[in-house]
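Shown here: work.tsv, TSV, C-alpha atoms.
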chain	number	residue	atom	x	y	z
L	1	MET	CA	-80.27	-8.77	-17.03
L	2	THR	CA	-79.31	-9.20	-13.38
L	3	PRO	CA	-80.95	-12.35	-12.00
L	4	ARG	CA	-83.38	-11.97	-9.13
L	5	ILE	CA	-82.97	-14.55	-6.37
L	6	LEU	CA	-85.73	-15.04	-3.81
L	7	LEU	CA	-85.03	-16.71	-0.45
L	8	THR	CA	-87.92	-17.63	1.80
L	9	GLU	CA	-85.55	-17.80	4.81
L	10	PRO	CA	-82.01	-16.53	5.46
L	11	ILE	CA	-78.96	-18.71	4.87
L	12	ALA	CA	-75.41	-18.37	6.17
L	13	THR	CA	-73.44	-15.33	5.08
L	14	ALA	CA	-70.99	-17.47	3.10
L	15	GLY	CA	-73.78	-18.46	0.71
L	16	LEU	CA	-75.51	-15.08	0.68
L	17	ASP	CA	-72.28	-13.39	-0.36
L	18	LEU	CA	-71.99	-15.67	-3.40
L	19	LEU	CA	-75.58	-14.93	-4.40
L	20	ARG	CA	-75.28	-11.17	-3.88
L	21	ALA	CA	-72.14	-11.06	-5.98
L	22	ALA	CA	-74.10	-12.54	-8.87
L	23	GLY	CA	-77.59	-11.12	-8.61
L	24	GLU	CA	-80.27	-9.20	-6.76
L	25	VAL	CA	-81.16	-11.08	-3.57
L	26	HIS	CA	-84.37	-10.71	-1.59
L	27	VAL	CA	-84.87	-12.55	1.71
L	28	ALA	CA	-88.63	-12.65	2.26
L	29	HIS	CA	-88.77	-14.09	5.81
L	30	ALA	CA	-92.02	-15.70	4.69
L	31	THR	CA	-93.13	-19.06	3.34
L	32	ASP	CA	-96.78	-18.62	2.28
L	33	LEU	CA	-97.89	-17.96	-1.28
L	34	ALA	CA	-100.02	-14.95	-0.38
L	35	THR	CA	-97.02	-13.08	1.03
L	36	LEU	CA	-94.58	-14.29	-1.62
L	37	ALA	CA	-96.76	-13.79	-4.71
L	38	ASP	CA	-95.31	-10.46	-5.85
L	39	SER	CA	-91.71	-11.60	-5.30
L	40	LEU	CA	-92.31	-14.91	-7.05
L	41	ALA	CA	-93.65	-13.12	-10.11
L	42	THR	CA	-90.21	-11.62	-10.82
L	43	ALA	CA	-87.94	-14.31	-9.36
L	44	ASP	CA	-85.41	-16.14	-11.53
L	45	ALA	CA	-84.48	-18.47	-8.66
L	46	LEU	CA	-86.23	-19.61	-5.50
L	47	LEU	CA	-84.19	-20.87	-2.54
L	48	VAL	CA	-85.80	-22.50	0.51
L	49	ARG	CA	-84.59	-24.07	3.75
L	50	SER	CA	-87.32	-25.99	5.59
L	51	SER	CA	-90.34	-24.49	3.85
L	52	SER	CA	-92.40	-26.19	1.16
L	53	VAL	CA	-92.51	-25.38	-2.53
L	54	THR	CA	-95.98	-26.08	-3.88
L	55	ALA	CA	-97.29	-26.35	-7.41
L	56	ASP	CA	-99.13	-23.05	-6.90
L	57	MET	CA	-95.89	-21.32	-5.90
L	58	LEU	CA	-94.15	-22.62	-9.01
L	59	ALA	CA	-97.03	-21.55	-11.20
L	60	ALA	CA	-96.82	-18.05	-9.72
L	61	ALA	CA	-93.19	-17.72	-10.84
L	62	PRO	CA	-93.16	-17.58	-14.66
L	63	ARG	CA	-89.47	-16.52	-14.81
L	64	LEU	CA	-88.25	-19.25	-12.49
L	65	LYS	CA	-85.17	-21.07	-13.80
L	66	VAL	CA	-84.21	-23.11	-10.71
L	67	VAL	CA	-85.31	-24.07	-7.20
L	68	GLY	CA	-82.63	-24.55	-4.55
L	69	ARG	CA	-83.12	-26.55	-1.36
L	70	HIS	CA	-80.79	-25.72	1.53
L	71	GLY	CA	-80.58	-29.33	2.74
L	72	ALA	CA	-80.74	-32.85	1.38
L	73	GLY	CA	-84.43	-33.78	1.63
L	74	LEU	CA	-86.75	-32.90	-1.25
L	75	ASP	CA	-90.02	-34.21	0.22
L	76	GLY	CA	-91.33	-30.65	0.76
L	77	ILE	CA	-90.94	-29.72	-2.90
L	78	ASP	CA	-93.52	-30.64	-5.52
L	79	LEU	CA	-91.06	-32.36	-7.84
L	80	GLU	CA	-93.76	-33.45	-10.29
L	81	ALA	CA	-94.88	-29.85	-10.78
L	82	ALA	CA	-91.29	-28.68	-11.14
L	83	ALA	CA	-90.59	-31.35	-13.78
L	84	ARG	CA	-93.80	-30.51	-15.63
L	85	LEU	CA	-92.75	-26.84	-15.78
L	86	GLY	CA	-89.18	-27.69	-16.70
L	87	ILE	CA	-87.73	-26.18	-13.52
L	88	PRO	CA	-84.65	-27.98	-12.18
L	89	VAL	CA	-84.30	-28.54	-8.44
L	90	VAL	CA	-80.93	-28.58	-6.70
L	91	SER	CA	-80.13	-29.57	-3.12
L	92	THR	CA	-77.09	-30.12	-0.90
L	93	PRO	CA	-76.69	-33.86	-0.32
L	94	GLY	CA	-73.68	-34.60	1.82
L	95	ALA	CA	-73.04	-31.01	2.91
L	96	ASN	CA	-74.42	-31.65	6.39
L	97	ALA	CA	-73.34	-35.30	6.65
L	98	GLU	CA	-70.56	-34.80	9.17
L	99	SER	CA	-72.75	-32.69	11.44
L	100	VAL	CA	-75.66	-35.14	11.40
L	101	ALA	CA	-73.41	-38.19	11.79
L	102	GLY	CA	-71.84	-36.74	14.92
L	103	PHE	CA	-75.29	-35.91	16.29
L	104	VAL	CA	-76.49	-39.48	15.78
L	105	ILE	CA	-73.64	-40.84	17.88
L	106	LEU	CA	-74.27	-38.15	20.50
L	107	ALA	CA	-77.94	-39.16	20.66
L	108	ALA	CA	-77.13	-42.86	20.93
L	109	LEU	CA	-74.61	-42.23	23.72
L	110	THR	CA	-77.07	-39.96	25.52
L	111	LEU	CA	-79.76	-42.63	25.48
L	112	SER	CA	-77.45	-45.52	26.27
L	113	ARG	CA	-76.19	-43.75	29.39
L	114	GLN	CA	-79.74	-42.69	30.42
L	115	LEU	CA	-78.65	-39.05	30.60
L	116	PRO	CA	-82.11	-37.43	30.19
L	117	ARG	CA	-83.47	-39.40	33.15
L	118	ALA	CA	-80.33	-38.83	35.20
L	119	VAL	CA	-80.47	-35.07	34.65
L	120	ALA	CA	-84.16	-35.04	35.59
L	121	ALA	CA	-83.49	-37.06	38.75
L	122	LEU	CA	-80.72	-34.70	39.82
L	123	ALA	CA	-82.95	-31.66	39.25
L	124	GLN	CA	-85.55	-33.29	41.53
L	125	GLY	CA	-83.07	-33.67	44.37
L	126	GLU	CA	-81.88	-37.22	43.77
L	127	PHE	CA	-78.18	-38.01	43.58
L	128	PRO	CA	-78.16	-41.41	41.88
L	129	THR	CA	-74.59	-42.31	42.82
L	130	GLY	CA	-75.26	-41.75	46.52
L	131	ARG	CA	-75.61	-44.52	49.10
L	132	SER	CA	-79.03	-43.76	50.54
L	133	LEU	CA	-81.75	-46.26	49.70
L	134	PRO	CA	-83.79	-43.95	47.44
L	135	SER	CA	-80.65	-42.95	45.56
L	136	ALA	CA	-79.56	-46.56	45.24
L	137	VAL	CA	-82.92	-47.44	43.69
L	138	VAL	CA	-82.65	-44.53	41.28
L	139	ALA	CA	-79.07	-45.49	40.45
L	140	ALA	CA	-80.15	-49.01	39.53
L	141	GLU	CA	-82.79	-47.60	37.19
L	142	LEU	CA	-80.29	-45.23	35.59
L	143	THR	CA	-77.36	-47.58	35.11
L	144	GLY	CA	-76.43	-47.25	31.48
L	145	ALA	CA	-74.73	-49.39	28.85
L	146	MET	CA	-71.64	-48.85	26.74
L	147	LEU	CA	-71.90	-48.81	22.97
L	148	ALA	CA	-68.58	-50.63	22.63
L	149	GLY	CA	-69.24	-54.25	21.73
L	150	ARG	CA	-72.81	-53.50	20.66
L	151	THR	CA	-74.29	-53.59	17.16
L	152	LEU	CA	-75.46	-50.58	15.17
L	153	GLY	CA	-77.98	-51.03	12.38
L	154	LEU	CA	-78.12	-48.36	9.69
L	155	ILE	CA	-81.24	-48.14	7.56
L	156	GLY	CA	-79.80	-46.21	4.64
L	157	CYS	CA	-76.11	-46.09	3.85
L	158	GLY	CA	-75.60	-42.77	2.07
L	159	ALA	CA	-73.24	-39.99	3.12
L	160	ILE	CA	-74.71	-39.61	6.61
L	161	GLY	CA	-74.98	-43.35	7.23
L	162	ARG	CA	-71.35	-43.80	6.22
L	163	GLY	CA	-70.29	-41.05	8.60
L	164	VAL	CA	-72.22	-42.71	11.42
L	165	ALA	CA	-70.63	-46.06	10.56
L	166	ALA	CA	-67.11	-44.66	10.76
L	167	ARG	CA	-67.75	-43.13	14.17
L	168	ALA	CA	-69.50	-46.24	15.48
L	169	ARG	CA	-66.63	-48.47	14.42
L	170	GLY	CA	-64.28	-46.09	16.24
L	171	LEU	CA	-66.31	-46.75	19.38
L	172	GLY	CA	-65.89	-50.50	18.93
L	173	MET	CA	-69.33	-51.26	17.51
L	174	THR	CA	-70.27	-53.84	14.90
L	175	VAL	CA	-72.11	-52.11	12.04
L	176	LEU	CA	-74.86	-53.60	9.88
L	177	ALA	CA	-76.62	-51.73	7.10
L	178	HIS	CA	-79.69	-52.14	4.92
L	179	ASP	CA	-80.06	-50.08	1.76
L	180	VAL	CA	-82.46	-50.69	-1.11
L	181	ALA	CA	-79.97	-49.10	-3.49
L	182	ALA	CA	-77.11	-51.26	-4.72
L	183	VAL	CA	-74.53	-49.38	-2.66
L	184	GLU	CA	-71.06	-50.60	-1.89
L	185	PRO	CA	-70.82	-50.66	1.91
L	186	PRO	CA	-67.96	-48.81	3.60
L	187	PRO	CA	-65.13	-50.88	5.08
L	188	GLY	CA	-66.20	-53.04	8.00
L	189	VAL	CA	-69.95	-52.66	7.34
L	190	ARG	CA	-72.09	-55.65	6.38
L	191	LEU	CA	-75.16	-55.24	4.19
L	192	VAL	CA	-78.02	-57.39	5.50
L	193	GLU	CA	-81.76	-57.85	5.03
L	194	MET	CA	-84.05	-55.64	7.08
L	195	ASP	CA	-85.29	-58.44	9.35
L	196	ARG	CA	-81.76	-59.39	10.35
L	197	LEU	CA	-80.79	-55.77	10.97
L	198	LEU	CA	-83.78	-55.20	13.24
L	199	SER	CA	-83.33	-58.41	15.21
L	200	GLU	CA	-79.56	-58.10	15.72
L	201	SER	CA	-79.08	-54.36	16.34
L	202	ASP	CA	-78.75	-52.69	19.73
L	203	VAL	CA	-79.07	-49.28	18.09
L	204	VAL	CA	-81.09	-48.65	14.89
L	205	SER	CA	-80.50	-45.35	13.09
L	206	LEU	CA	-82.60	-44.09	10.18
L	207	HIS	CA	-81.05	-42.44	7.12
L	208	VAL	CA	-83.65	-42.67	4.35
L	209	PRO	CA	-85.82	-40.01	2.71
L	210	GLN	CA	-89.56	-40.01	3.27
L	211	THR	CA	-91.21	-41.55	0.24
L	212	PRO	CA	-94.32	-43.69	-0.25
L	213	ALA	CA	-92.07	-46.72	0.21
L	214	THR	CA	-90.54	-45.53	3.49
L	215	SER	CA	-93.55	-43.89	5.14
L	216	GLY	CA	-94.30	-45.80	8.34
L	217	LEU	CA	-91.27	-48.02	7.74
L	218	ILE	CA	-90.70	-48.36	11.48
L	219	GLY	CA	-94.12	-49.31	12.77
L	220	ALA	CA	-95.51	-51.89	15.16
L	221	ALA	CA	-94.30	-54.86	13.11
L	222	ALA	CA	-90.74	-53.55	12.78
L	223	LEU	CA	-90.60	-52.59	16.45
L	224	ALA	CA	-91.74	-56.09	17.42
L	225	ARG	CA	-88.73	-57.52	15.57
L	226	MET	CA	-86.29	-55.28	17.44
L	227	ARG	CA	-84.54	-56.23	20.65
L	228	PRO	CA	-86.50	-55.13	23.74
L	229	ASP	CA	-83.51	-53.14	25.03
L	230	ALA	CA	-82.76	-51.52	21.66
L	231	LEU	CA	-82.45	-47.81	20.94
L	232	LEU	CA	-83.96	-46.06	17.92
L	233	VAL	CA	-82.54	-42.82	16.46
L	234	ASN	CA	-84.48	-40.78	13.90
L	235	THR	CA	-82.74	-37.81	12.29
L	236	ALA	CA	-84.32	-38.56	8.89
L	237	ARG	CA	-88.00	-37.63	8.57
L	238	ALA	CA	-90.91	-37.90	10.98
L	239	GLY	CA	-93.07	-39.93	8.61
L	240	VAL	CA	-90.55	-42.76	8.35
L	241	VAL	CA	-91.63	-43.72	11.89
L	242	ASP	CA	-95.09	-44.50	13.23
L	243	ALA	CA	-94.93	-42.24	16.28
L	244	ALA	CA	-97.92	-43.88	17.98
L	245	ALA	CA	-96.32	-47.33	17.64
L	246	VAL	CA	-93.03	-46.01	19.05
L	247	LEU	CA	-94.84	-44.43	21.99
L	248	ALA	CA	-96.64	-47.70	22.71
L	249	ALA	CA	-93.34	-49.61	22.57
L	250	LEU	CA	-91.69	-47.13	24.95
L	251	ASP	CA	-94.59	-47.36	27.39
L	252	ALA	CA	-94.55	-51.16	27.27
L	253	GLY	CA	-90.79	-51.34	27.78
L	254	ARG	CA	-90.29	-53.02	24.38
L	255	LEU	CA	-88.05	-50.14	23.27
L	256	ARG	CA	-85.45	-48.81	25.66
L	257	GLY	CA	-85.13	-45.36	24.13
L	258	TYR	CA	-86.03	-43.16	21.17
L	259	ALA	CA	-84.07	-40.14	19.96
L	260	VAL	CA	-86.16	-38.01	17.62
L	261	ASP	CA	-85.03	-34.83	15.88
L	262	VAL	CA	-87.82	-34.56	13.29
L	263	PHE	CA	-91.54	-33.98	13.67
L	264	ALA	CA	-94.70	-33.50	11.63
L	265	PRO	CA	-95.71	-30.76	11.91
L	266	GLU	CA	-92.76	-28.67	12.98
L	267	PRO	CA	-92.73	-27.34	15.56
L	268	PRO	CA	-94.65	-30.13	17.31
L	269	ALA	CA	-97.51	-29.42	19.70
L	270	LEU	CA	-96.39	-29.00	23.29
L	271	THR	CA	-98.78	-31.82	24.15
L	272	ASP	CA	-96.85	-34.31	21.98
L	273	PRO	CA	-96.08	-37.09	24.48
L	274	LEU	CA	-92.68	-37.78	22.92
L	275	LEU	CA	-91.51	-34.37	24.12
L	276	HIS	CA	-92.02	-35.46	27.72
L	277	HIS	CA	-91.45	-39.22	27.73
L	278	PRO	CA	-88.69	-40.34	30.15
L	279	ARG	CA	-87.31	-42.78	27.57
L	280	ALA	CA	-87.23	-40.23	24.73
L	281	LEU	CA	-84.69	-37.62	23.70
L	282	ALA	CA	-86.56	-35.02	21.63
L	283	THR	CA	-84.62	-32.25	19.90
L	284	PRO	CA	-85.78	-29.43	17.57
L	285	HIS	CA	-84.51	-30.59	14.15
L	286	MET	CA	-80.98	-29.55	15.05
L	287	ALA	CA	-78.80	-32.44	13.86
L	288	ALA	CA	-77.42	-30.32	11.02
L	289	MET	CA	-77.28	-27.13	13.08
L	290	THR	CA	-73.57	-26.45	13.32
L	291	HIS	CA	-71.84	-23.39	11.92
L	292	ASP	CA	-69.73	-25.69	9.76
L	293	ALA	CA	-72.69	-27.51	8.22
L	294	LEU	CA	-74.75	-24.35	7.72
L	295	ASP	CA	-71.84	-22.70	5.89
L	296	ALA	CA	-71.32	-25.79	3.74
L	297	MET	CA	-75.01	-26.05	2.84
L	298	ALA	CA	-75.29	-22.33	2.08
L	299	ILE	CA	-72.27	-22.42	-0.23
L	300	ALA	CA	-73.42	-25.63	-1.93
L	301	VAL	CA	-76.96	-24.42	-2.63
L	302	ALA	CA	-75.72	-21.01	-3.80
L	303	ARG	CA	-73.35	-22.65	-6.27
L	304	GLY	CA	-76.06	-25.02	-7.41
L	305	VAL	CA	-78.50	-22.19	-8.08
L	306	LEU	CA	-75.91	-20.01	-9.81
L	307	ALA	CA	-74.99	-22.86	-12.14
L	308	TYR	CA	-78.43	-22.39	-13.72
L	309	LEU	CA	-78.47	-18.59	-13.63
L	310	LEU	CA	-75.04	-17.58	-14.89
L	311	PRO	CA	-73.23	-18.48	-18.09
L	312	GLU	CA	-70.35	-20.88	-17.66
L	313	GLY	CA	-67.15	-18.99	-16.93
L	314	THR	CA	-68.89	-16.17	-15.01
L	315	ARG	CA	-69.81	-18.15	-11.86

Represent the structure of the file as structure tokens.
Amino acid sequence: MTPRILLTEPIATAGLDLLRAAGEVHVAHATDLATLADSLATADALLVRSSSVTADMLAAAPRLKVVGRHGAGLDGIDLEAAARLGIPVVSTPGANAESVAGFVILAALTLSRQLPRAVAALAQGEFPTGRSLPSAVVAAELTGAMLAGRTLGLIGCGAIGRGVAARARGLGMTVLAHDVAAVEPPPGVRLVEMDRLLSESDVVSLHVPQTPATSGLIGAAALARMRPDALLVNTARAGVVDAAAVLAALDAGRLRGYAVDVFAPEPPALTDPLLHHPRALATPHMAAMTHDALDAMAIAVARGVLAYLLPEGTR
């Protein structure tokens, strides 16, 4: 029987073509159980991008043989329910690593050179490199710093963290890392305890999943241990950071800048102060949004799903 594959959201054509060559594909353009119920009832595979997979959704899919996550994070999928029902879950760890790693460096450079504030000043009629007194004052406020010779601290040293480390070392940075797993650090990277990483890093970048152990990992206490002119970059998950504590640190000048690409909920409310803070760079969960990464993730998740749907030798 031809397998039926349900997607809550579209994926890149490269992955869709693989799925369509192997089965009947339906893209629902919906994420809620009420809308998906009929499709779930006959689905052999469920593939999601950013949407959640709840226990109720899994229970509504009696034929389900596999869940595929277009991305690395599994925090939106009820893994306990999937395990209880014997439904394997596949994801695409590493497929977007190069895209996210490049974005992290871009964010750090953007903050270190005060680009958001400089662009805003120019749009308001200031020319910070001019010689008039107001412009000279603005220029002093917007004078940036190089990353060369500074220290980067990576919290998490998986595929993305390693990609960030390689780029940072190319810029002339010293790289420290903290990882609870017994990972072998990449060349030139020193594994250190969290306290040392926070106190010695000029830039701290987060690369850990959101779990009970990492929720609120960067809160008031961690921020107090960081250098007052440090930068924080979060392309991981919103819940890893205490947003209120970060906002307070930005307002008090105890944190020089915060780049945030992840929110809870998504999209964030327009009243979220981090969207408008002069020391923040807020982006719409786009670190992995390159054509290259989207193709790689689509192909990887399609292959992962088909491995459970098709007999070996027919994939």

Per-residue nearest contacts range 31-117 of chain L to range 181-204 of chain L, cut-off 12 Å, using all atoms listed in the file, as a tab-separated table:
residue	atom	partner	partner_atom	distance
L:Val104	CA	L:Val204	CA	10.3
L:Ile105	CA	L:Val203	CA	10.0
L:Ala107	CA	L:Val203	CA	10.5
L:Ala108	CA	L:Val203	CA	7.3
L:Leu109	CA	L:Val203	CA	10.1
L:Leu111	CA	L:Val203	CA	10.0
L:Ser112	CA	L:Val203	CA	9.1

Using 12 Å as the limit and counting only C-alpha atoms, can you tabulate each residue of range 254-282 of chain L that touches range 208-223 of chain L, with its shortest atom-to-atom distance in Å and the two atoms involved, as a tab-separated table?
residue	atom	partner	partner_atom	distance
L:Arg254	CA	L:Leu223	CA	7.9
L:Leu255	CA	L:Leu223	CA	7.7
L:Arg256	CA	L:Leu223	CA	11.2
L:Gly257	CA	L:Leu223	CA	11.9
L:Tyr258	CA	L:Leu223	CA	11.5
L:Val262	CA	L:Gln210	CA	11.5
L:Ala264	CA	L:Gln210	CA	11.8

Please provide the set of residues having any atom within 12 Å of Ala300 in chain L, restricted to only C-alpha atoms, with same-chain residues fewer than 2 positions apart removed, written as number ranges by chain. L: 11-12, 14-16, 18-19, 47, 68-72, 90-96, 293-298, 302-307

Counting all atoms listed in the file, which of L:Pro311, L:Pro284, L:Pro278, L:Gly144 gets nearest to Ala121 in chain L? L:Pro278

Report, in Å with one decimal, the straight-line distance from CA of Gly163 in chain L to CA of His178 in chain L. 15.0 Å

Find the distance between CA of Glu9 in chain L and CA of Thr35 in chain L and write it in Å to one decimal. 13.0 Å

Exercise on range 271-278 of chain L, axis-aligned box with 8 Å per side, report centre and edge lengths in Å to one decimal, as AutoDock Vina command-line options:
--center_x -93.7 --center_y -36.1 --center_z 26.1 --size_x 26.1 --size_y 24.5 --size_z 24.2

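Using all atoms listed in the file, the nearest neighbour of His291 in chain L within the list L:Thr13, L:Asp229, L:Ser39, L:Ala252 is L:Thr13.
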
Please identify all polymer residues within 6 Å of Arg150 in chain L, counting only C-alpha atoms, omitting same-chain residues fewer than 2 positions from it, and present them as an NGL selection string. :L and (147-148 or 173)

Mind pulling up the distance from CA of Leu152 in chain L to CA of Met289 in chain L? 23.6 Å

Could you pull out every residue with an atom within 12 Å of (-92.6, -26.3, 11.8), file coordinates, counting only C-alpha atoms, and send them as a tab-separated table (two decimals) with C-alpha atoms, in the coordinates of the input?
chain	number	residue	atom	x	y	z
L	31	THR	CA	-93.13	-19.06	3.34
L	49	ARG	CA	-84.59	-24.07	3.75
L	50	SER	CA	-87.32	-25.99	5.59
L	51	SER	CA	-90.34	-24.49	3.85
L	52	SER	CA	-92.40	-26.19	1.16
L	76	GLY	CA	-91.33	-30.65	0.76
L	238	ALA	CA	-90.91	-37.90	10.98
L	262	VAL	CA	-87.82	-34.56	13.29
L	263	PHE	CA	-91.54	-33.98	13.67
L	264	ALA	CA	-94.70	-33.50	11.63
L	265	PRO	CA	-95.71	-30.76	11.91
L	266	GLU	CA	-92.76	-28.67	12.98
L	267	PRO	CA	-92.73	-27.34	15.56
L	268	PRO	CA	-94.65	-30.13	17.31
L	269	ALA	CA	-97.51	-29.42	19.70
L	284	PRO	CA	-85.78	-29.43	17.57
L	285	HIS	CA	-84.51	-30.59	14.15
